[in-house]
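**Q** My structure file upload.cif, mmCIF, C-alpha atoms and all ligand atoms, is below:
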data_structure
loop_
_atom_site.label_atom_id
_atom_site.label_comp_id
_atom_site.auth_asym_id
_atom_site.auth_seq_id
_atom_site.Cartn_x
_atom_site.Cartn_y
_atom_site.Cartn_z
CA MET A 213 89.36 130.02 122.13
CA THR A 214 88.41 133.69 122.26
CA GLY A 215 91.42 135.94 121.72
CA ARG A 216 93.35 133.84 119.25
CA THR A 217 94.30 135.24 115.86
CA VAL A 218 92.43 133.66 112.97
CA LEU A 219 92.98 133.66 109.22
CA PRO A 220 90.41 133.84 106.43
CA GLY A 221 88.99 130.33 106.01
CA ASP A 222 89.66 129.19 109.58
CA GLU A 223 86.71 127.29 111.02
CA ILE A 224 85.76 129.06 114.25
CA ALA A 225 82.40 127.62 115.37
CA THR A 226 79.22 125.90 114.24
CA GLU A 227 75.82 127.47 113.64
CA GLU A 228 74.38 125.26 116.36
CA GLU A 229 76.55 127.03 118.93
CA TYR A 230 76.79 130.58 117.62
CA VAL A 231 75.28 133.17 115.31
CA ALA A 232 77.71 134.36 112.64
CA ASP A 233 78.49 138.05 113.15
CA GLU A 234 80.95 140.51 111.55
CA GLY A 235 84.10 139.11 109.97
CA THR A 236 82.64 135.66 109.39
CA TYR A 237 80.77 133.61 106.82
CA VAL A 238 78.75 130.42 106.97
CA LYS A 239 79.13 127.33 104.84
CA GLU A 240 77.21 124.10 105.42
CA GLY A 241 76.41 124.95 109.03
CA ARG A 242 79.93 125.93 109.98
CA ILE A 243 81.19 129.42 110.69
CA TYR A 244 84.48 130.56 109.17
CA ALA A 245 86.61 133.68 109.53
CA SER A 246 86.35 135.96 106.48
CA ARG A 247 89.24 138.18 107.53
CA VAL A 248 92.36 138.22 109.65
CA GLY A 249 91.68 139.31 113.18
CA THR A 250 90.99 138.32 116.75
CA LEU A 251 88.34 135.71 117.37
CA VAL A 252 85.56 136.70 119.77
CA LEU A 253 83.08 134.06 120.91
CA ASP A 254 80.44 135.90 122.89
CA GLU A 255 78.84 133.29 125.16
CA GLU A 256 76.03 135.51 126.42
CA GLU A 257 74.83 136.66 123.00
CA SER A 258 75.93 133.43 121.27
CA MET A 259 77.71 135.51 118.64
CA ALA A 260 80.90 134.55 116.81
CA LYS A 261 82.87 137.40 115.25
CA VAL A 262 86.34 138.36 114.10
CA VAL A 263 87.46 141.84 115.13
CA THR A 264 90.35 143.81 113.69
CA PRO A 265 92.22 146.29 115.88
CA ASN A 266 93.07 149.62 114.28
CA ALA A 267 96.63 150.19 115.44
CA PRO A 268 98.91 151.12 112.55
CA ASN A 269 101.34 148.57 111.25
CA VAL A 270 103.51 149.93 108.48
CA LEU A 271 105.46 147.39 106.47
CA LYS A 272 109.18 147.59 105.81
CA VAL A 273 111.71 145.62 103.75
CA GLY A 274 112.48 142.27 105.42
CA ASP A 275 109.07 141.86 107.06
CA ILE A 276 107.44 138.45 106.73
CA ILE A 277 103.79 138.87 105.78
CA TYR A 278 100.77 136.85 104.73
CA VAL A 279 99.04 137.71 101.46
CA THR A 280 96.11 136.35 99.51
CA ILE A 281 96.59 136.06 95.76
CA ASP A 282 94.14 138.26 93.84
CA ASP A 283 95.18 137.54 90.29
CA THR A 284 97.90 135.90 88.24
CA ARG A 285 99.31 137.38 85.06
CA LYS A 286 102.04 136.41 82.64
CA THR A 287 104.97 137.85 84.59
CA MET A 288 103.58 138.39 88.07
CA ALA A 289 100.89 137.78 90.63
CA THR A 290 99.02 140.53 92.44
CA ALA A 291 98.13 140.01 96.07
CA THR A 292 96.66 141.71 99.13
CA ALA A 293 98.71 141.78 102.33
CA VAL A 294 96.45 140.59 105.15
CA ALA A 295 98.74 140.17 108.16
CA LYS A 296 102.25 140.57 109.41
CA ASP A 297 103.95 137.53 110.89
CA GLY A 298 104.07 137.62 114.68
CA SER A 299 101.81 140.66 114.91
CA ARG A 300 98.20 140.88 115.92
CA ARG A 301 97.81 144.29 114.39
CA CYS A 302 96.44 144.84 110.93
CA ILE A 303 98.44 146.38 108.15
CA SER A 304 97.84 150.06 107.58
CA SER A 305 100.26 150.84 104.78
CA SER A 306 99.45 150.00 101.16
CA THR A 307 98.27 146.42 101.15
CA VAL A 308 98.46 145.70 97.43
CA ALA A 309 101.56 143.66 96.66
CA THR A 310 103.17 142.28 93.53
CA LEU A 311 105.07 139.02 93.24
CA HIS A 312 107.23 138.96 90.11
CA VAL A 313 107.72 135.60 88.37
CA SER A 314 111.49 135.81 88.98
CA LYS A 315 110.92 136.18 92.73
CA ILE A 316 108.65 133.16 93.28
CA SER A 317 110.93 130.15 93.32
CA PRO A 318 114.65 129.43 93.79
CA ASP A 319 114.27 127.31 90.66
CA TYR A 320 113.74 128.89 87.26
CA THR A 321 110.08 129.34 86.40
CA ASP A 322 108.31 131.29 83.67
CA ASN A 323 104.79 130.18 84.58
CA VAL A 324 103.14 132.08 87.43
CA ASP A 325 100.11 129.75 87.40
CA ALA A 326 102.32 126.76 88.16
CA GLU A 327 103.42 128.41 91.42
CA VAL A 328 100.49 130.34 92.90
CA ARG A 329 96.78 130.60 92.15
CA LYS A 330 94.02 133.04 92.89
CA LEU A 331 92.83 132.93 96.56
CA ASP A 332 95.93 131.08 97.80
CA LEU A 333 97.19 132.22 101.19
CA VAL A 334 100.92 132.86 100.89
CA ARG A 335 103.72 133.66 103.33
CA ALA A 336 106.15 136.12 101.73
CA ARG A 337 108.99 138.49 102.54
CA VAL A 338 108.82 142.19 101.71
CA ILE A 339 111.62 143.18 99.31
CA GLY A 340 110.36 146.63 98.34
CA VAL A 341 107.86 149.19 99.59
CA ASP A 342 108.35 152.00 97.11
CA PRO A 343 106.54 152.83 94.88
CA SER A 344 104.50 149.74 95.75
CA LEU A 345 104.78 146.66 97.91
CA GLN A 346 106.96 143.95 96.32
CA ILE A 347 107.36 140.47 97.78
CA THR A 348 109.32 137.26 97.29
CA THR A 349 108.57 133.61 98.13
CA LYS A 350 112.01 132.18 97.27
CA ASP A 351 112.95 130.78 100.71
CA PRO A 352 111.83 127.27 101.79
CA HIS A 353 109.65 128.70 104.58
CA LEU A 354 107.95 131.06 102.11
CA GLY A 355 105.23 130.19 99.61
CA VAL A 356 101.67 128.88 99.69
CA VAL A 357 100.50 127.91 103.20
CA ARG A 358 96.83 127.24 102.42
CA ALA A 359 94.96 126.66 99.17
CA GLN A 360 91.57 125.54 97.95
CA CYS A 361 90.72 123.61 94.81
CA GLY A 362 89.69 126.10 92.12
CA ARG A 363 86.97 123.71 90.98
CA CYS A 364 85.33 122.38 94.16
CA LYS A 365 86.78 124.59 96.97
CA THR A 366 88.04 121.58 98.92
CA GLU A 367 91.18 122.37 100.90
CA LEU A 368 94.12 120.96 98.98
CA VAL A 369 96.52 118.52 100.59
CA ARG A 370 100.24 118.26 100.07
CA LYS A 371 101.43 115.63 97.63
CA GLY A 372 105.11 115.48 96.79
CA ARG A 373 106.23 118.97 95.81
CA GLY A 374 102.72 120.10 94.86
CA LEU A 375 99.10 119.88 95.95
CA TYR A 376 96.28 117.43 95.39
CA CYS A 377 92.48 117.70 95.54
CA PRO A 378 91.16 114.53 97.21
CA LYS A 379 87.68 115.18 95.76
CA CYS A 380 88.58 115.90 92.13
CA ARG A 381 91.60 113.57 92.31
CA ARG A 382 93.62 116.21 90.56
CA SER A 383 97.20 117.32 91.21
CA GLN A 384 98.10 121.00 91.07
CA PRO A 385 101.60 122.47 91.11
CA ARG A 386 102.49 125.16 93.67
CA LYS A 387 105.47 126.88 95.28
CA LEU A 388 104.74 125.60 98.79
CA ALA A 389 106.02 126.80 102.13
CA ASP A 390 107.76 124.00 104.03
CA ASP A 391 104.94 123.94 106.62
CA TYR A 392 102.01 123.97 104.17
CA GLY A 393 98.75 123.03 105.90
CA ASP A 394 100.14 123.46 109.42
CA VAL A 395 100.22 127.20 109.90
CA ALA A 396 99.46 129.36 112.90
CA ILE A 397 100.20 133.07 113.06
ZN ZN B 401 88.57 119.75 93.72
#
If you convert what's in this file into structure tokens, what do you get?
Ligand SMILES: [Zn+2]
**A**
Amino acid sequence: MTGRTVLPGDEIATEEEYVADEGTYVKEGRIYASRVGTLVLDEEESMAKVVTPNAPNVLKVGDIIYVTIDDTRKTMATATAVAKDGSRRCISSSTVATLHVSKISPDYTDNVDAEVRKLDLVRARVIGVDPSLQITTKDPHLGVVRAQCGRCKTELVRKGRGLYCPKCRRSQPRKLADDYGDVAI
């Protein structure tokens, strides 16, 4: 599957087959992508790596992007833009984005933590680029597309309108994208 675009957390190989190289990390014998990029499985050297091309990719209002949540505060979440939808190029403009609490859900919410959490991977639309990147997740196709349990790191599964950790048996609220858990970019 060399050449496909991978996201942070995507399982790309096992340690029995390959040595983990740049852009990857290993957990329990499996190799995962640690960044967005193009997967390279080098058969001769038995190396698995994720490479990121350098071509510029400046964001503009209306772009659909993927971000990872860095922090949640009272009135907003801060995030890092990691990829642009439908583009294999990395983002070269400012990658720090803010998601204001009023821009998260079509329903009223005053609790950022009930919608997104640190490390969530989120699909969002750019609504401002000046002076900094601002995003919204109000549409049905926008919101969290992948999330791990904050306690045990198990990938959360969809349950009703929120998420559920099968290991901790704990439900967690989120503003989900309509295709949560089934995302390819
Ligand atoms: Zn858990």
**Q** Check which residues fall inside 6 Å of ligand ZN 401 (chain B) when counting only C-alpha atoms and all ligand atoms, and print them as a VMD selection string.
**A** chain A and resid 361 363 to 364 366 377 379 to 380
**Q** Could you check which of A:Val341, A:Leu251, A:Met259, A:Ala291 is closest to A:Leu271, using all atoms listed in the file?
**A**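 That would be A:Val341, the residue with the smallest distance to A:Leu271.
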**Q** Between atom CA of A:Val338 and atom CA of A:Leu354, measure the distance and give it in Å to one decimal.
**A**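 So the two atoms, atom CA of A:Val338 and atom CA of A:Leu354, lie 11.2 Å apart.
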**Q** So, counting all atoms listed in the file, which residue among A:Arg373, A:Arg386, A:Lys286, A:Lys365 is closest to A:Val313?
**A** A:Lys286
**Q** Please report the interatomic distance between atom CA of A:Pro385 and atom CA of A:Val238 in Å with one decimal.
**A** 28.9 Å
**Q** Could you work out how far atom CA of A:Lys272 lies from atom CA of A:His312, giving the answer in Å with one decimal?
**A**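 Separation between atom CA of A:His312 and atom CA of A:Lys272: 18.0 Å.
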**Q** Find the residues near A:Pro378: any atom within 8 Å, counting all atoms listed in the file, skip ones fewer than 2 places away on the same chain, and give them as a ChimeraX atom specification.
**A** /A:366,368-369,376,380-382
**Q** Hey, what's within 12 Å of A:Asp394 if we count all atoms listed in the file and toss same-chain stuff fewer than 2 positions away? As a list in words, please?
**A**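 These residues fall inside the cut-off: Asp222, His353, Val356, Val357, Arg358, Ala359, Val369, Arg370, Leu388, Ala389, Asp390, Asp391, Tyr392, Ala396 and Ile397 of chain A.
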**Q** Let me make sure I understand: among A:Asp351, A:Asp233, A:Glu367, A:Glu327, which one has the smallest atom-to-atom distance to A:Lys387 if we use only C-alpha atoms?
**A** A:Glu327
**Q** Could you check the closest approach to A:Ala225 for each of A:Ala260, A:Glu255, A:Gly340, A:Val248 and tell me which residue wins, using only C-alpha atoms?
**A**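 Result for the nearest residue to A:Ala225: A:Ala260.
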**Q** Counting all atoms listed in the file, which of A:Asn323, A:Thr348, A:Gln384, A:Thr226 gets nearest to A:Thr310?
**A**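 Distance minimum relative to A:Thr310 lands on A:Thr348.
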**Q** From the set A:Thr280, A:Leu345, A:Tyr230, A:Leu311, which residue has the shortest atom-to-atom contact distance to A:Glu256, counting only C-alpha atoms?
**A**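 Smallest distance to A:Glu256 is found for A:Tyr230.
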**Q** Considering all atoms listed in the file, give me a table of residues in stretch 223-330 of chain A that are at most 7 Å from stretch 214-218 of chain A, with the closest atom pair and distance in Å for each, as a Markdown table.
**A**
| residue | atom | partner | partner_atom | distance |
| --- | --- | --- | --- | --- |
| A:Ala245 | CA | A:Val218 | CA | 6.8 |
| A:Val248 | CA | A:Val218 | CA | 5.6 |
| A:Gly249 | CA | A:Thr217 | CA | 5.5 |
| A:Thr250 | CA | A:Thr217 | CA | 4.6 |
| A:Leu251 | CA | A:Thr214 | CA | 5.3 |
| A:Val252 | CA | A:Thr214 | CA | 4.8 |
| A:Leu253 | CA | A:Thr214 | CA | 5.5 |
| A:Arg300 | CA | A:Thr217 | CA | 6.9 |
**Q** Got a sec: who's within 6 Å of A:Arg337, counting only C-alpha atoms, leaving out chain neighbours fewer than 6 positions off, as a ChimeraX atom specification?
**A** /A:274-276,347-348
